[in-house]
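Colleague: Below is a structure I'd like to ask you about.
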Amino acid sequence: MITSCIPVKWLAIALICDLLSIIRSRIGAPMLVAMSLALMLDSSGAMAAVHGTTSWAVLRCQLKNTPKPTFESMYAKDPEQFYSDFFTKAGEGKGGLYDYWGQISDGNISLKGSKVFPWVNLNVTYNGDPKRDRGHQVQDCIDATEKYLAHKHLTGKQYDLSHYYGLFILQNRPGGEFGSIQSVQINGKSYSKGVVFFEFGSLDLSHAAHEMGHGYGLDHAFDDAQKGGCGGGGPGEYCDPWDPMGNPFWTVVTWFTNPSFGTATCCGPAAQSSEQSSAGPGLNVPNLLHLGWIPSGRIATYTIGDPATSFTLNALSHPNSSGVLAVHIPAIFFTVTVEYRQQDGWDAGIPANVVLLHTYEPSASPYSFLMDQELSSPFPGALLPGQTLTEPDYSITVNGVDPGSGTASVTIGPGSGG
Ligand SMILES: [Zn+2]
């Protein structure tokens, strides 16, 4: 089960959409431009920017009379290496979480200093585990770990859980996970921490990215077709398959298999085999902007009313190049973002090289909406080479993509309203 840390506000979304359609139909482009100036997007104004070292303490708690996960292939003889590779700098270059967040953020954050703590015993049975609420599931594991550290006389900065940006809690049980920023008790004091909780059977790189995204303050990604939930949630929720915050139920396959991490079996009477190797995709532009991870110098602007203008977009999976990563089209109350996604890197699993459009509402919650009402086929929200989308205020054509250079050429110009 995957859940949001932020309540669904779909009724508010519907009202905003209705309001916008009325405004769009009643005022002209010059007025829209004037009103948009106050809403110009600047990555420095992102709502929840996260920068620097964000180390995570990985706590592992073992339920009573329940075996730990067992690994196949490369980690069968050395399970501890799995945890190090999956979570910490020890796995650098293998495509674990250390690589994911460092590369997706274009170096804006690092998981350096993350540490895997020993398995500790929990005074909770397998059947008793799901009877606890989430707060107790988290706090019980923190308390058990601190008890162990005290018993072993392990002290110093690396053993001080309050020192870490976040706590990633694992239990030896199939199924279930959640993530949020929440208050926890550490050594008798309250701290606000990024918190992720996984029953081991649900653990893979894609879902870990989703829940850690909540730990960095991200909300779920929605669509603007307002579908009736894509595997859960309210209208539009989870309906952006191009982002880990929007596609946990894989309505469109956008993940790939990273053979570095293989499979494991976990745990107890309902033990099941699970794949820890599912990885990707990368974050969409609204989420990258929300975390302050696209420098303003790499965002181009098309202002409604301007003549047709061509832009070269770099694929988000190539953030280390120097070109434009997003075009934004300021509109009233929100901005339209344009991004290019190429089938490589963390986007190796997406079904085609595509240009995506989102509406981003930086001060709203939720704030990211895939424009799939306008672009529904063959892939939701995707504009393919040669295709044009014409809206009242603007039009956009994908002139072509060049996988070799990792770029797409788009032309944005006046819409059907002139
Ligand atoms: Zn979620």
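Please note that chains go A, B, ... in the order of the structure tokens, that every chain numbers its residues from 1, and that ligands are numbered from 1 in the order shown.
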Got a sec: who's within 6 Å of range 54-66 of chain A, counting only C-alpha atoms, leaving out chain neighbours fewer than 3 positions off, as JSON, numbers by chain?
Modeller: {"A": [110, 111, 112, 113, 114, 115, 116, 117, 119, 120, 121, 122, 124, 125, 126, 141, 164, 165, 166, 167, 168, 169, 170, 171, 172, 268]}
Colleague: Using N, CA and C atoms, can you write the selected residues to a file as a PDB file, in the first residue's frame?
Modeller:
ATOM      1  N   SER A 110      23.079  14.738  -1.826  1.00  0.00           N
ATOM      2  CA  SER A 110      23.882  13.525  -1.767  1.00  0.00           C
ATOM      3  C   SER A 110      23.414  12.691  -0.583  1.00  0.00           C
ATOM      4  N   LEU A 111      23.444  11.387  -0.767  1.00  0.00           N
ATOM      5  CA  LEU A 111      23.131  10.478   0.345  1.00  0.00           C
ATOM      6  C   LEU A 111      24.397  10.088   1.114  1.00  0.00           C
ATOM      7  N   LYS A 112      25.449  10.841   0.896  1.00  0.00           N
ATOM      8  CA  LYS A 112      26.702  10.580   1.612  1.00  0.00           C
ATOM      9  C   LYS A 112      26.444  10.560   3.119  1.00  0.00           C
ATOM     10  N   GLY A 113      27.056   9.635   3.786  1.00  0.00           N
ATOM     11  CA  GLY A 113      26.888   9.534   5.236  1.00  0.00           C
ATOM     12  C   GLY A 113      25.741   8.640   5.654  1.00  0.00           C
ATOM     13  N   SER A 114      24.968   8.150   4.683  1.00  0.00           N
ATOM     14  CA  SER A 114      23.889   7.215   5.044  1.00  0.00           C
ATOM     15  C   SER A 114      24.499   5.956   5.644  1.00  0.00           C
ATOM     16  N   LYS A 115      23.792   5.385   6.608  1.00  0.00           N
ATOM     17  CA  LYS A 115      24.350   4.247   7.349  1.00  0.00           C
ATOM     18  C   LYS A 115      23.282   3.202   7.593  1.00  0.00           C
ATOM     19  N   VAL A 116      23.646   1.953   7.372  1.00  0.00           N
ATOM     20  CA  VAL A 116      22.739   0.828   7.659  1.00  0.00           C
ATOM     21  C   VAL A 116      23.015   0.344   9.077  1.00  0.00           C
ATOM     22  N   PHE A 117      21.989   0.361   9.911  1.00  0.00           N
ATOM     23  CA  PHE A 117      22.122  -0.088  11.295  1.00  0.00           C
ATOM     24  C   PHE A 117      21.836  -1.590  11.385  1.00  0.00           C
ATOM     25  N   TRP A 119      20.302  -5.272  12.307  1.00  0.00           N
ATOM     26  CA  TRP A 119      18.967  -5.799  12.621  1.00  0.00           C
ATOM     27  C   TRP A 119      18.823  -5.835  14.141  1.00  0.00           C
ATOM     28  N   VAL A 120      17.702  -5.355  14.627  1.00  0.00           N
ATOM     29  CA  VAL A 120      17.423  -5.442  16.062  1.00  0.00           C
ATOM     30  C   VAL A 120      16.076  -6.125  16.251  1.00  0.00           C
ATOM     31  N   ASN A 121      15.909  -6.733  17.423  1.00  0.00           N
ATOM     32  CA  ASN A 121      14.676  -7.472  17.695  1.00  0.00           C
ATOM     33  C   ASN A 121      13.565  -6.530  18.126  1.00  0.00           C
ATOM     34  N   LEU A 122      12.390  -6.803  17.591  1.00  0.00           N
ATOM     35  CA  LEU A 122      11.207  -6.029  17.925  1.00  0.00           C
ATOM     36  C   LEU A 122      10.291  -6.901  18.779  1.00  0.00           C
ATOM     37  N   VAL A 124       7.336  -7.441  18.829  1.00  0.00           N
ATOM     38  CA  VAL A 124       6.061  -7.421  18.091  1.00  0.00           C
ATOM     39  C   VAL A 124       6.017  -8.680  17.246  1.00  0.00           C
ATOM     40  N   THR A 125       4.863  -9.349  17.231  1.00  0.00           N
ATOM     41  CA  THR A 125       4.743 -10.560  16.426  1.00  0.00           C
ATOM     42  C   THR A 125       4.381 -10.224  14.978  1.00  0.00           C
ATOM     43  N   TYR A 126       4.525 -11.225  14.138  1.00  0.00           N
ATOM     44  CA  TYR A 126       4.154 -11.081  12.719  1.00  0.00           C
ATOM     45  C   TYR A 126       2.699 -10.632  12.586  1.00  0.00           C
ATOM     46  N   CYS A 141      10.432   0.926  16.091  1.00  0.00           N
ATOM     47  CA  CYS A 141      11.718   0.542  15.507  1.00  0.00           C
ATOM     48  C   CYS A 141      12.822   1.516  15.937  1.00  0.00           C
ATOM     49  N   TYR A 164      20.736  12.437  11.414  1.00  0.00           N
ATOM     50  CA  TYR A 164      20.423  12.087  10.025  1.00  0.00           C
ATOM     51  C   TYR A 164      19.260  12.918   9.486  1.00  0.00           C
ATOM     52  N   TYR A 165      19.305  13.154   8.167  1.00  0.00           N
ATOM     53  CA  TYR A 165      18.173  13.839   7.529  1.00  0.00           C
ATOM     54  C   TYR A 165      16.908  13.004   7.654  1.00  0.00           C
ATOM     55  N   GLY A 166      17.050  11.701   7.404  1.00  0.00           N
ATOM     56  CA  GLY A 166      15.858  10.854   7.384  1.00  0.00           C
ATOM     57  C   GLY A 166      16.107   9.486   8.003  1.00  0.00           C
ATOM     58  N   LEU A 167      15.012   8.814   8.301  1.00  0.00           N
ATOM     59  CA  LEU A 167      15.054   7.457   8.845  1.00  0.00           C
ATOM     60  C   LEU A 167      14.329   6.539   7.870  1.00  0.00           C
ATOM     61  N   PHE A 168      15.044   5.526   7.398  1.00  0.00           N
ATOM     62  CA  PHE A 168      14.458   4.552   6.461  1.00  0.00           C
ATOM     63  C   PHE A 168      14.317   3.253   7.241  1.00  0.00           C
ATOM     64  N   ILE A 169      13.080   2.884   7.544  1.00  0.00           N
ATOM     65  CA  ILE A 169      12.823   1.762   8.435  1.00  0.00           C
ATOM     66  C   ILE A 169      12.373   0.541   7.636  1.00  0.00           C
ATOM     67  N   LEU A 170      13.034  -0.558   7.905  1.00  0.00           N
ATOM     68  CA  LEU A 170      12.711  -1.834   7.248  1.00  0.00           C
ATOM     69  C   LEU A 170      12.237  -2.839   8.284  1.00  0.00           C
ATOM     70  N   GLN A 171      11.236  -3.616   7.919  1.00  0.00           N
ATOM     71  CA  GLN A 171      10.821  -4.763   8.716  1.00  0.00           C
ATOM     72  C   GLN A 171      10.833  -6.015   7.842  1.00  0.00           C
ATOM     73  N   ASN A 172      10.964  -7.158   8.490  1.00  0.00           N
ATOM     74  CA  ASN A 172      11.039  -8.427   7.760  1.00  0.00           C
ATOM     75  C   ASN A 172       9.632  -9.008   7.602  1.00  0.00           C
ATOM     76  N   GLY A 268       8.386 -15.041   6.796  1.00  0.00           N
ATOM     77  CA  GLY A 268       7.318 -15.554   7.637  1.00  0.00           C
ATOM     78  C   GLY A 268       6.308 -16.408   6.883  1.00  0.00           C
TER      79      GLY A 268
END
Colleague: Residues at most 6 Å from range 365-375 of chain A, counting only C-alpha atoms, excluding those fewer than 2 positions away in the same chain, as a PDB file with N, CA and C atoms, in the first residue's frame?
Modeller:
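result_29.pdb was written with the following content:
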ATOM      1  N   ALA A 221       2.038  12.934  -7.853  1.00  0.00           N
ATOM      2  CA  ALA A 221       1.856  13.597  -9.140  1.00  0.00           C
ATOM      3  C   ALA A 221       0.487  13.198  -9.692  1.00  0.00           C
ATOM      4  N   PHE A 222      -0.238  14.181 -10.221  1.00  0.00           N
ATOM      5  CA  PHE A 222      -1.600  13.990 -10.718  1.00  0.00           C
ATOM      6  C   PHE A 222      -1.647  14.194 -12.235  1.00  0.00           C
ATOM      7  N   ASP A 223      -2.829  13.975 -12.812  1.00  0.00           N
ATOM      8  CA  ASP A 223      -3.041  14.354 -14.209  1.00  0.00           C
ATOM      9  C   ASP A 223      -4.190  15.349 -14.283  1.00  0.00           C
ATOM     10  N   ASP A 224      -4.354  15.964 -15.454  1.00  0.00           N
ATOM     11  CA  ASP A 224      -5.430  16.942 -15.583  1.00  0.00           C
ATOM     12  C   ASP A 224      -6.658  16.379 -16.278  1.00  0.00           C
ATOM     13  N   ALA A 225      -6.581  15.111 -16.695  1.00  0.00           N
ATOM     14  CA  ALA A 225      -7.801  14.465 -17.196  1.00  0.00           C
ATOM     15  C   ALA A 225      -8.699  14.064 -16.029  1.00  0.00           C
ATOM     16  N   ASP A 240       0.329  10.060 -13.257  1.00  0.00           N
ATOM     17  CA  ASP A 240       1.460  10.533 -14.057  1.00  0.00           C
ATOM     18  C   ASP A 240       2.518   9.440 -14.070  1.00  0.00           C
ATOM     19  N   PRO A 286       7.993  19.503 -12.781  1.00  0.00           N
ATOM     20  CA  PRO A 286       7.417  20.138 -11.581  1.00  0.00           C
ATOM     21  C   PRO A 286       8.079  19.671 -10.286  1.00  0.00           C
ATOM     22  N   LEU A 357       4.144  17.662 -21.233  1.00  0.00           N
ATOM     23  CA  LEU A 357       3.680  18.941 -20.709  1.00  0.00           C
ATOM     24  C   LEU A 357       2.988  18.718 -19.368  1.00  0.00           C
ATOM     25  N   HIS A 358       3.300  19.576 -18.427  1.00  0.00           N
ATOM     26  CA  HIS A 358       2.634  19.556 -17.120  1.00  0.00           C
ATOM     27  C   HIS A 358       2.152  20.963 -16.797  1.00  0.00           C
ATOM     28  N   THR A 359       1.160  21.038 -15.952  1.00  0.00           N
ATOM     29  CA  THR A 359       0.903  22.304 -15.287  1.00  0.00           C
ATOM     30  C   THR A 359       1.469  22.193 -13.882  1.00  0.00           C
ATOM     31  N   TYR A 360       2.143  23.264 -13.479  1.00  0.00           N
ATOM     32  CA  TYR A 360       2.801  23.301 -12.172  1.00  0.00           C
ATOM     33  C   TYR A 360       2.258  24.491 -11.401  1.00  0.00           C
ATOM     34  N   GLU A 361       1.739  24.210 -10.239  1.00  0.00           N
ATOM     35  CA  GLU A 361       1.169  25.249  -9.379  1.00  0.00           C
ATOM     36  C   GLU A 361       1.982  25.277  -8.093  1.00  0.00           C
ATOM     37  N   PRO A 362       3.061  26.081  -8.072  1.00  0.00           N
ATOM     38  CA  PRO A 362       4.054  25.969  -7.000  1.00  0.00           C
ATOM     39  C   PRO A 362       3.500  26.137  -5.594  1.00  0.00           C
ATOM     40  N   PRO A 380      -0.142   8.460 -22.357  1.00  0.00           N
ATOM     41  CA  PRO A 380      -0.761   9.606 -21.682  1.00  0.00           C
ATOM     42  C   PRO A 380       0.211  10.762 -21.507  1.00  0.00           C
ATOM     43  N   GLY A 381      -0.210  11.927 -21.991  1.00  0.00           N
ATOM     44  CA  GLY A 381       0.577  13.128 -21.781  1.00  0.00           C
ATOM     45  C   GLY A 381       1.781  13.278 -22.686  1.00  0.00           C
TER      46      GLY A 381
END
Colleague: Just list the residues in range 180-355 of chain A DSSP gives alpha helix (DSSP H) on the backbone, as a list in words.
Modeller: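 Here are the alpha helix (DSSP H) residues of range 180-355 of chain A: Leu205, Ser206, His207, Ala208, Ala209, His210, Glu211, Met212, Gly213, His214, Gly215, Val285, Pro286, Asn287, Leu288, Leu289 and His290 of chain A.
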Colleague: With only C-alpha atoms as the counted atoms, please give the residues lying no more than 7 Å from Val355 in chain A, apart from itself and same-chain residues fewer than 4 positions off, as a PyMOL selection string.
Modeller: chain A and resi 338-341+382-384
Colleague: Those same residues - C-alpha atoms - I'd like them written as a PDB file, in the first residue's frame.
Modeller:
ATOM      1  CA  VAL A 338       7.740  21.400 -21.231  1.00  0.00           C
ATOM      2  CA  GLU A 339      10.317  18.623 -20.797  1.00  0.00           C
ATOM      3  CA  TYR A 340      12.070  16.006 -22.932  1.00  0.00           C
ATOM      4  CA  ARG A 341      12.357  12.437 -21.698  1.00  0.00           C
ATOM      5  CA  ALA A 382       3.188  12.357 -24.429  1.00  0.00           C
ATOM      6  CA  LEU A 383       3.921  14.456 -27.514  1.00  0.00           C
ATOM      7  CA  LEU A 384       5.885  12.468 -30.090  1.00  0.00           C
TER       8      LEU A 384
END
Colleague: Grab the CA of Phe200 in chain A to CA of Lys157 in chain A distance for me, in Å with one decimal place.
Modeller: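 Separation of CA of Phe200 in chain A and CA of Lys157 in chain A: 27.0 Å.
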Colleague: Could you list, as JSON, numbers by chain, every residue within 7 Å of Phe87 in chain A, counting only C-alpha atoms and ignoring same-chain residues fewer than 6 positions away?
Modeller: {"A": [96, 97, 98]}
Colleague: If you count only C-alpha atoms, which residues fall within 7 Å of Ile181 in chain A, apart from same-chain ones fewer than 2 positions away, as an MDAnalysis selection string?
Modeller: chainID A and resid 192:195 214:215 217
Colleague: Restricting the output to C-alpha atoms, write the selected residues as an mmCIF file, in the first residue's frame.
Modeller:
data_model
loop_
_atom_site.group_PDB
_atom_site.id
_atom_site.type_symbol
_atom_site.label_atom_id
_atom_site.label_comp_id
_atom_site.auth_asym_id
_atom_site.auth_seq_id
_atom_site.Cartn_x
_atom_site.Cartn_y
_atom_site.Cartn_z
ATOM 1 C CA SER A 192 10.840 16.461 12.280
ATOM 2 C CA LYS A 193 12.394 13.911 9.948
ATOM 3 C CA GLY A 194 11.962 12.415 6.552
ATOM 4 C CA VAL A 195 10.556 8.989 7.418
ATOM 5 C CA HIS A 214 7.600 12.043 0.313
ATOM 6 C CA GLY A 215 10.455 12.256 2.798
ATOM 7 C CA GLY A 217 8.430 16.860 0.851
#
Colleague: Find the residue from A:Thr145, A:Thr388, A:Asn108, A:Thr254 that sits nearest to Pro351 in chain A; use only C-alpha atoms when measuring.
Modeller: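 Ranked by minimum distance to Pro351 in chain A, first place goes to A:Thr254.
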